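S.K.: One structure, pasted below without further comment.
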Number of protein chains: 2
Amino acid sequence: MTALKKESGDALLDEMLSLGRAAKAASAKLAQAPREKKDLALRAMAAEIRAQAGKILAANERDMKAAGEKGLSAALLDRLLLDEQRIEAMAKGLEDIAELPDPIGRSLGAWDRPNGLKIERVAVPLGVIGIIYESRPNVTADAAGLCLKSGNAAVLRGGSESAHSAVAILDCLQEGLCAAGLPKASVQRLPTTDRAAVGIMLGMTEYIDVIIPRGGKGLIERIANESRIPVLKHLDGICHTYVDAEADPEMARAIVLNAKMRRTGICGATETLLIDRPALKFAKPILDDLIKAGCELRGDAEIQALDKRVEAAGAQDWDTEYLDAILSVKVVNGVAEAIEHIERHSSHHTEAIITANPQTAARFLNEIDSGIVIWNSSTQFADGGEFGMGAEIGISTGKLHARGPVGAEQLTSYKYIVRGSGQVRP
Amino acid sequence: MTALKKESGDALLDEMLSLGRAAKAASAKLAQAPREKKDLALRAMAAEIRAQAGKILAANERDMKAAGEKGLSAALLDRLLLDEQRIEAMAKGLEDIAELPDPIGRSLGAWDRPNGLKIERVAVPLGVIGIIYESRPNVTADAAGLCLKSGNAAVLRGGSESAHSAVAILDCLQEGLCAAGLPKASVQRLPTTDRAAVGIMLGMTEYIDVIIPRGGKGLIERIANESRIPVLKHLDGICHTYVDAEADPEMARAIVLNAKMRRTGICGATETLLIDRPALKFAKPILDDLIKAGCELRGDAEIQALDKRVEAAGAQDWDTEYLDAILSVKVVNGVAEAIEHIERHSSHHTEAIITANPQTAARFLNEIDSGIVIWNSSTQFADGGEFGMGAEIGISTGKLHARGPVGAEQLTSYKYIVRGSGQVRP
């Protein structure tokens, strides 16, 4: 904070610090709030979003108009767009979070010491969570809901494109908080979408306990470099599927098609297919299915020899997250070479092996150093909801604190409670 | 790493990168090493330290001589000093770590999904741990032992004062690794104690997964600011003991004396005593005990009125970790004001309440946001060994990943293993 204090004549800084103080104060209240109160707020937020759907749509129209004038891409416009269905999904999402078990106050272990001290480890909130995201307006509600459920105050910084939508949604969230008697400052937005505000935010170590960035690799790396607050990284998903010589050919066909093409824009989509050399004999139908589904293939020479429609893969293809109907395909010599390739090129998100051989599978599952490793199923299952964990704020590719899907439970810390009867340490 | 690559003509940088690559390669081997192999290495390390005690003592003599010539303080010289007892303690420490349960491969939860997917969460190593510490040579063995037990490679950067001692100890550790067939690069030291090497180390995001700094507040804050690798912080311990109106007077006397004076130089030592106003009537003997034990007291006006030997506390006293026979003492109005004071001034390490009233205790234990909260016992129990967790690398005051004592179990991450039978995501 020393660096920040120097500029304290600055109005934006003052505004940011007062937002920080309010968030910290709210977090102390939230940490003590019983489950009923938090769930009441979540349901009131949902009701308010439904009641104010018209206002939210109008605000979104203003964002869409400005975005259209700026000439944003169709994909970005689609991410920005809200309609009645998406608004209903937001409201339903908050109600689903209310149904989840309370992650706070869980006993994570309790034991007695020979001297009679009783030690217990109890889940507590992290405190204040700063979330920096891009244009999808629904993140405002989803992220705030998960933070609230886990007893954390949230400080949100959404993209400027979705500012009007976010303000309208935030208004509903704060109404919901008030209805439950919880502080409005439990969920706040930065006062401006200026970059300068993000810079200040990333230095507010006294008021913000963790930063969660959601977005492209560039945004996340910039934040990780600049932040003085610990960052929970959700990096890209360069996910691999490896088809072993002992794979069931029909299973491999179905899984590979699903892993790549079910939805190409999610981080759990497979980006590289590795084929064991002996499996080449049943690989043609796999490639056919993909091409028929509209997927562009980029392969090494052996894959190109198998199918003339395959383009040549360049060196950069093995390190690319396409998030599109494109797949790089490579021949490897057995599971050892598959593991080697993955360890070199993966983003450590999710990798799958298709094989009928349990020893081969065990080796892959043990040796691959990724958050999620899958045997005989699709990488598209890499998702908190599919894991039965409820809503998630993203998939962590870091190893510290949380790895894999980050849901309400992962947004907690713990403390040790020690109960004695006068013991002193010898 | 981009910033690093620019200077790749630099010999030190090349050396550091090759050290990083070796550490990463070793960590992949360690992650797969069975418990027997790791424990064998730990015991061989201990045997080697005992066998080479003479060499270690000679190396330490050189460090002590240089330190004496530089005019280091008596306290620093004592930290630096090794004798036969301390060497035996190092060896025994490694054998104790071998006895601990293996933290790797533990199933942290397993469940089935309606679609038949079997999901399991399994403990895995973090990877490569960078440890930056000051002059105590035994940290070399303690830290390396905990990293090895938890399947992590260690990159050590000790202070220049203890360089000869550290080299002699590291030699024993690497002999132990070789005896067990594990890579020597599982434990490495930086090639030089130059600051430049630390700077490079803190940017080696590709090779080092987490940095653990051990030392004074200045060192740790500098590292946290500079590091591009996540840092597990072990900050100072400004610990509080609060004596409530309903405390048992004799219990309060015994606990306060122990909490401050048992050892004043450890992070769990109480630095501020808060006394509930009605408890002033039995506070005199508490102060007497402390003064008799050689403790300097710095109090507010009411405490000074109680005992003329108490000096006046200045504003900075409430934010000072003395690590010495000095205690600040303040009168508060009940548990609410005690909590308020602690939340403002504590470093969130350890705080204790002495009271016979369970409701008052519950409020304190719930509302205080510190890693360890204690009822009716001494803050000096804030220690992994006293918690029954075995050796620890320190007490984390951060909330992310690990909080409180950081032992072998806290040096792990986890991954999700998903076992299917051909499921694709609808």
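Residue numbering restarts at 1 in every chain; chains get A, B, ... in the order shown in the structure tokens, and ligands count up from 1 in that same order.
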Please build the interface table for chain B against chain A with a cut-off of 6 Å, listing for each qualifying residue the nearest atom pair and the distance in Å to one decimal; count only C-alpha atoms, order rows by chain and increasing number, and write it as a tab-separated table.
M.R.:
residue	atom	partner	partner_atom	distance
B:Met251	CA	A:Gly422	CA	5.7
B:Ile255	CA	A:Val424	CA	5.8
B:Gly371	CA	A:Lys415	CA	4.8
B:Ile372	CA	A:Tyr416	CA	4.7
B:Val373	CA	A:Ile417	CA	5.1
B:Ile374	CA	A:Val418	CA	4.6
B:Trp375	CA	A:Arg419	CA	4.9
B:Asn376	CA	A:Gly420	CA	5.1
B:Ser377	CA	A:Gly422	CA	5.1
B:Ser378	CA	A:Val424	CA	5.4
B:Lys399	CA	A:Ser413	CA	5.7
B:Leu400	CA	A:His401	CA	5.7
B:His401	CA	A:His401	CA	3.6
B:Ser413	CA	A:Lys399	CA	5.7
B:Lys415	CA	A:Gly371	CA	4.8
B:Tyr416	CA	A:Ile372	CA	4.7
B:Ile417	CA	A:Val373	CA	5.1
B:Val418	CA	A:Ile374	CA	4.6
B:Arg419	CA	A:Trp375	CA	4.9
B:Gly420	CA	A:Asn376	CA	5.0
B:Ser421	CA	A:Asn376	CA	5.4
B:Gly422	CA	A:Ser377	CA	5.1
B:Gln423	CA	A:Ser377	CA	5.1
B:Val424	CA	A:Ser378	CA	5.4
S.K.: Would you kindly return, as number ranges by chain, each protein, DNA or RNA residue with an atom no farther than 12 Å from any atom of Gly68 (chain B), considering only C-alpha atoms and excluding same-chain residues fewer than 6 positions away?
M.R.: B: 61-62, 74-78, 80-81, 161
S.K.: Let's have the selection written as a short mmCIF file (atom, residue, chain, number, x, y, z; two decimals), in the first residue's frame, with C-alpha atoms.
M.R.:
data_model
loop_
_atom_site.label_atom_id
_atom_site.label_comp_id
_atom_site.auth_asym_id
_atom_site.auth_seq_id
_atom_site.Cartn_x
_atom_site.Cartn_y
_atom_site.Cartn_z
CA GLU B 61 33.76 -22.99 11.88
CA ARG B 62 34.75 -21.18 8.69
CA ALA B 74 25.43 -12.45 19.21
CA ALA B 75 21.88 -13.55 18.32
CA LEU B 76 22.87 -14.04 14.67
CA LEU B 77 26.02 -15.89 15.64
CA ASP B 78 23.95 -18.22 17.81
CA LEU B 80 24.53 -19.71 12.70
CA LEU B 81 26.37 -21.95 15.16
CA GLU B 161 26.78 -16.31 6.15
#
S.K.: Please, what distance in Å, to one decimal, runs between CA of Ala23 (chain B) and CA of Asp142 (chain B)?
M.R.: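 These atoms are spaced 18.2 Å apart.
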S.K.: Tell me which protein, DNA and RNA residues are within 6 Å of Met45 (chain B), counting only C-alpha atoms, leaving out same-chain ones fewer than 5 positions away, and put them as an MDAnalysis selection string.
M.R.: chainID B and resid 172:173 176
S.K.: So that I can see what lies close to Thr264 (chain A), please list as number ranges by chain the residues with an atom at most 10 Å from it, counting only C-alpha atoms and leaving out residues fewer than 2 positions away in the same chain.
M.R.: A: 258-262, 266-271, 295, 322-327, 380
S.K.: Only N, CA and C atoms, please: the residues just picked out, written as a PDB file, in the first residue's frame.
M.R.:
ATOM      1  N   ASN A 258     -16.819 -36.243 -29.604  1.00  0.00           N
ATOM      2  CA  ASN A 258     -17.440 -35.455 -28.541  1.00  0.00           C
ATOM      3  C   ASN A 258     -16.429 -34.498 -27.909  1.00  0.00           C
ATOM      4  N   ALA A 259     -15.224 -35.007 -27.648  1.00  0.00           N
ATOM      5  CA  ALA A 259     -14.204 -34.208 -26.948  1.00  0.00           C
ATOM      6  C   ALA A 259     -13.846 -32.963 -27.744  1.00  0.00           C
ATOM      7  N   LYS A 260     -13.833 -33.075 -29.066  1.00  0.00           N
ATOM      8  CA  LYS A 260     -13.516 -31.913 -29.899  1.00  0.00           C
ATOM      9  C   LYS A 260     -14.751 -31.091 -30.235  1.00  0.00           C
ATOM     10  N   MET A 261     -15.833 -31.740 -30.708  1.00  0.00           N
ATOM     11  CA  MET A 261     -16.872 -30.997 -31.419  1.00  0.00           C
ATOM     12  C   MET A 261     -18.144 -30.677 -30.631  1.00  0.00           C
ATOM     13  N   ARG A 262     -18.354 -31.298 -29.434  1.00  0.00           N
ATOM     14  CA  ARG A 262     -19.594 -31.006 -28.706  1.00  0.00           C
ATOM     15  C   ARG A 262     -19.749 -29.502 -28.532  1.00  0.00           C
ATOM     16  N   ILE A 266     -15.185 -24.127 -25.318  1.00  0.00           N
ATOM     17  CA  ILE A 266     -14.973 -24.239 -23.871  1.00  0.00           C
ATOM     18  C   ILE A 266     -13.564 -24.749 -23.582  1.00  0.00           C
ATOM     19  N   CYS A 267     -13.089 -24.446 -22.366  1.00  0.00           N
ATOM     20  CA  CYS A 267     -11.681 -24.749 -22.077  1.00  0.00           C
ATOM     21  C   CYS A 267     -11.411 -26.242 -21.978  1.00  0.00           C
ATOM     22  N   GLY A 268     -12.444 -27.054 -21.795  1.00  0.00           N
ATOM     23  CA  GLY A 268     -12.241 -28.500 -21.717  1.00  0.00           C
ATOM     24  C   GLY A 268     -12.290 -29.201 -23.072  1.00  0.00           C
ATOM     25  N   ALA A 269     -12.458 -28.441 -24.158  1.00  0.00           N
ATOM     26  CA  ALA A 269     -12.465 -29.059 -25.494  1.00  0.00           C
ATOM     27  C   ALA A 269     -11.068 -29.571 -25.833  1.00  0.00           C
ATOM     28  N   THR A 270     -10.998 -30.758 -26.440  1.00  0.00           N
ATOM     29  CA  THR A 270      -9.705 -31.307 -26.856  1.00  0.00           C
ATOM     30  C   THR A 270      -9.137 -30.480 -28.008  1.00  0.00           C
ATOM     31  N   GLU A 271      -7.854 -30.146 -27.906  1.00  0.00           N
ATOM     32  CA  GLU A 271      -7.210 -29.356 -28.953  1.00  0.00           C
ATOM     33  C   GLU A 271      -6.199 -30.181 -29.740  1.00  0.00           C
ATOM     34  N   CYS A 295     -14.843 -30.187 -38.813  1.00  0.00           N
ATOM     35  CA  CYS A 295     -13.587 -29.885 -38.118  1.00  0.00           C
ATOM     36  C   CYS A 295     -12.418 -29.846 -39.098  1.00  0.00           C
ATOM     37  N   TYR A 322      -7.227 -23.677 -29.800  1.00  0.00           N
ATOM     38  CA  TYR A 322      -8.003 -23.113 -30.910  1.00  0.00           C
ATOM     39  C   TYR A 322      -9.328 -22.527 -30.446  1.00  0.00           C
ATOM     40  N   LEU A 323      -9.985 -23.194 -29.497  1.00  0.00           N
ATOM     41  CA  LEU A 323     -11.351 -22.815 -29.106  1.00  0.00           C
ATOM     42  C   LEU A 323     -12.220 -22.699 -30.350  1.00  0.00           C
ATOM     43  N   ASP A 324     -11.992 -23.598 -31.285  1.00  0.00           N
ATOM     44  CA  ASP A 324     -12.655 -23.530 -32.583  1.00  0.00           C
ATOM     45  C   ASP A 324     -12.672 -24.948 -33.181  1.00  0.00           C
ATOM     46  N   ALA A 325     -13.322 -25.112 -34.334  1.00  0.00           N
ATOM     47  CA  ALA A 325     -13.415 -26.429 -34.963  1.00  0.00           C
ATOM     48  C   ALA A 325     -12.128 -26.757 -35.716  1.00  0.00           C
ATOM     49  N   ILE A 326     -11.046 -26.807 -34.981  1.00  0.00           N
ATOM     50  CA  ILE A 326      -9.725 -27.145 -35.522  1.00  0.00           C
ATOM     51  C   ILE A 326      -9.085 -28.125 -34.542  1.00  0.00           C
ATOM     52  N   LEU A 327      -8.396 -29.132 -35.072  1.00  0.00           N
ATOM     53  CA  LEU A 327      -7.760 -30.117 -34.197  1.00  0.00           C
ATOM     54  C   LEU A 327      -6.386 -30.444 -34.753  1.00  0.00           C
ATOM     55  N   GLN A 380     -14.619 -33.092 -22.397  1.00  0.00           N
ATOM     56  CA  GLN A 380     -15.670 -32.088 -22.220  1.00  0.00           C
ATOM     57  C   GLN A 380     -16.363 -32.227 -20.856  1.00  0.00           C
TER      58      GLN A 380
END
S.K.: So how far away is CA of Ala98 (chain B) from CA of Arg43 (chain B), in Å?
M.R.: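 So the two atoms, CA of Arg43 (chain B) and CA of Ala98 (chain B), lie 6.9 Å apart.
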S.K.: As number ranges by chain, please: all residues of region 237-318 of chain A that backbone DSSP puts in helix (DSSP H, G or I).
M.R.: A: 249-261, 277-282, 284-292, 301-306, 315-318
S.K.: DSSP on the backbone: which residues in region 178-385 of chain A end up as strand (DSSP E or B)? Give the answer as a PyMOL selection string.
M.R.: chain A and resi 187-189+210-213+231+239-243+270-276+296-299+311-312+326-332+350-354+372-377
S.K.: Select, from B:Ala47, B:Val139, B:Glu296, B:Lys70, the residue with the minimum atom-to-atom distance to Ala391 (chain B), counting only C-alpha atoms.
M.R.: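 Among the listed residues, B:Val139 lies closest to Ala391 (chain B).
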S.K.: Kindly give the distance, in Å, that separates CA of Val198 (chain A) and CA of Arg157 (chain A), rounded to a single decimal.
M.R.: 7.7 Å
S.K.: Skip region 300-306 of chain A itself and residues of its chain fewer than 6 positions away, then list as a PyMOL selection string all residues within 10 Å of it, counting only C-alpha atoms.
M.R.: chain A and resi 275+277+280-281+283-284+287+312-314+328-331
S.K.: Using only C-alpha atoms, pick whichever of B:Met16, B:Leu146, B:Ala53, B:Ile393 has the shortest atom-to-atom distance to Ile132 (chain B).
M.R.: B:Ile393
S.K.: Which residue gives the smallest distance to Leu19 (chain B) among B:Asn60, B:Thr320, B:Thr192, B:Ser160, with only C-alpha atoms counted?
M.R.: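 Looking only at the distances to Leu19 (chain B), the closest residue turns out to be B:Thr192.
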S.K.: Could you tell me which of A:Glu95, A:Ala25, A:Arg309, A:Ala196 comes closest to Glu343 (chain B) if we count only C-alpha atoms?
M.R.: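 Among A:Glu95, A:Ala25, A:Arg309, A:Ala196, it is A:Ala25 that comes nearest to Glu343 (chain B).
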S.K.: Which residue, B:Ala197, B:Ile87, B:Lys217, B:His348, has the smallest gap to Val155 (chain B) when you use only C-alpha atoms?
M.R.: B:Ala197
S.K.: Write out as a PyMOL selection string which residues come within 10 Å of Ala22 (chain B) when counting only C-alpha atoms, dropping same-chain ones fewer than 2 positions away.
M.R.: chain B and resi 16-20+24-27+153+183-188+207
S.K.: Give me, as a ChimeraX atom specification, all polymer residues having an atom no more than 9 Å from Arg35 (chain A), counting only C-alpha atoms and skipping those fewer than 4 positions away in the same chain.
M.R.: /A:39-40,98,101-102,104,149
S.K.: So, counting only C-alpha atoms, which residue among B:Gly334, B:Gly203, B:Gly384, B:Gly390 is closest to Phe364 (chain B)?
M.R.: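 When distances to Phe364 (chain B) are compared using only C-alpha atoms, the smallest one comes from B:Gly334.
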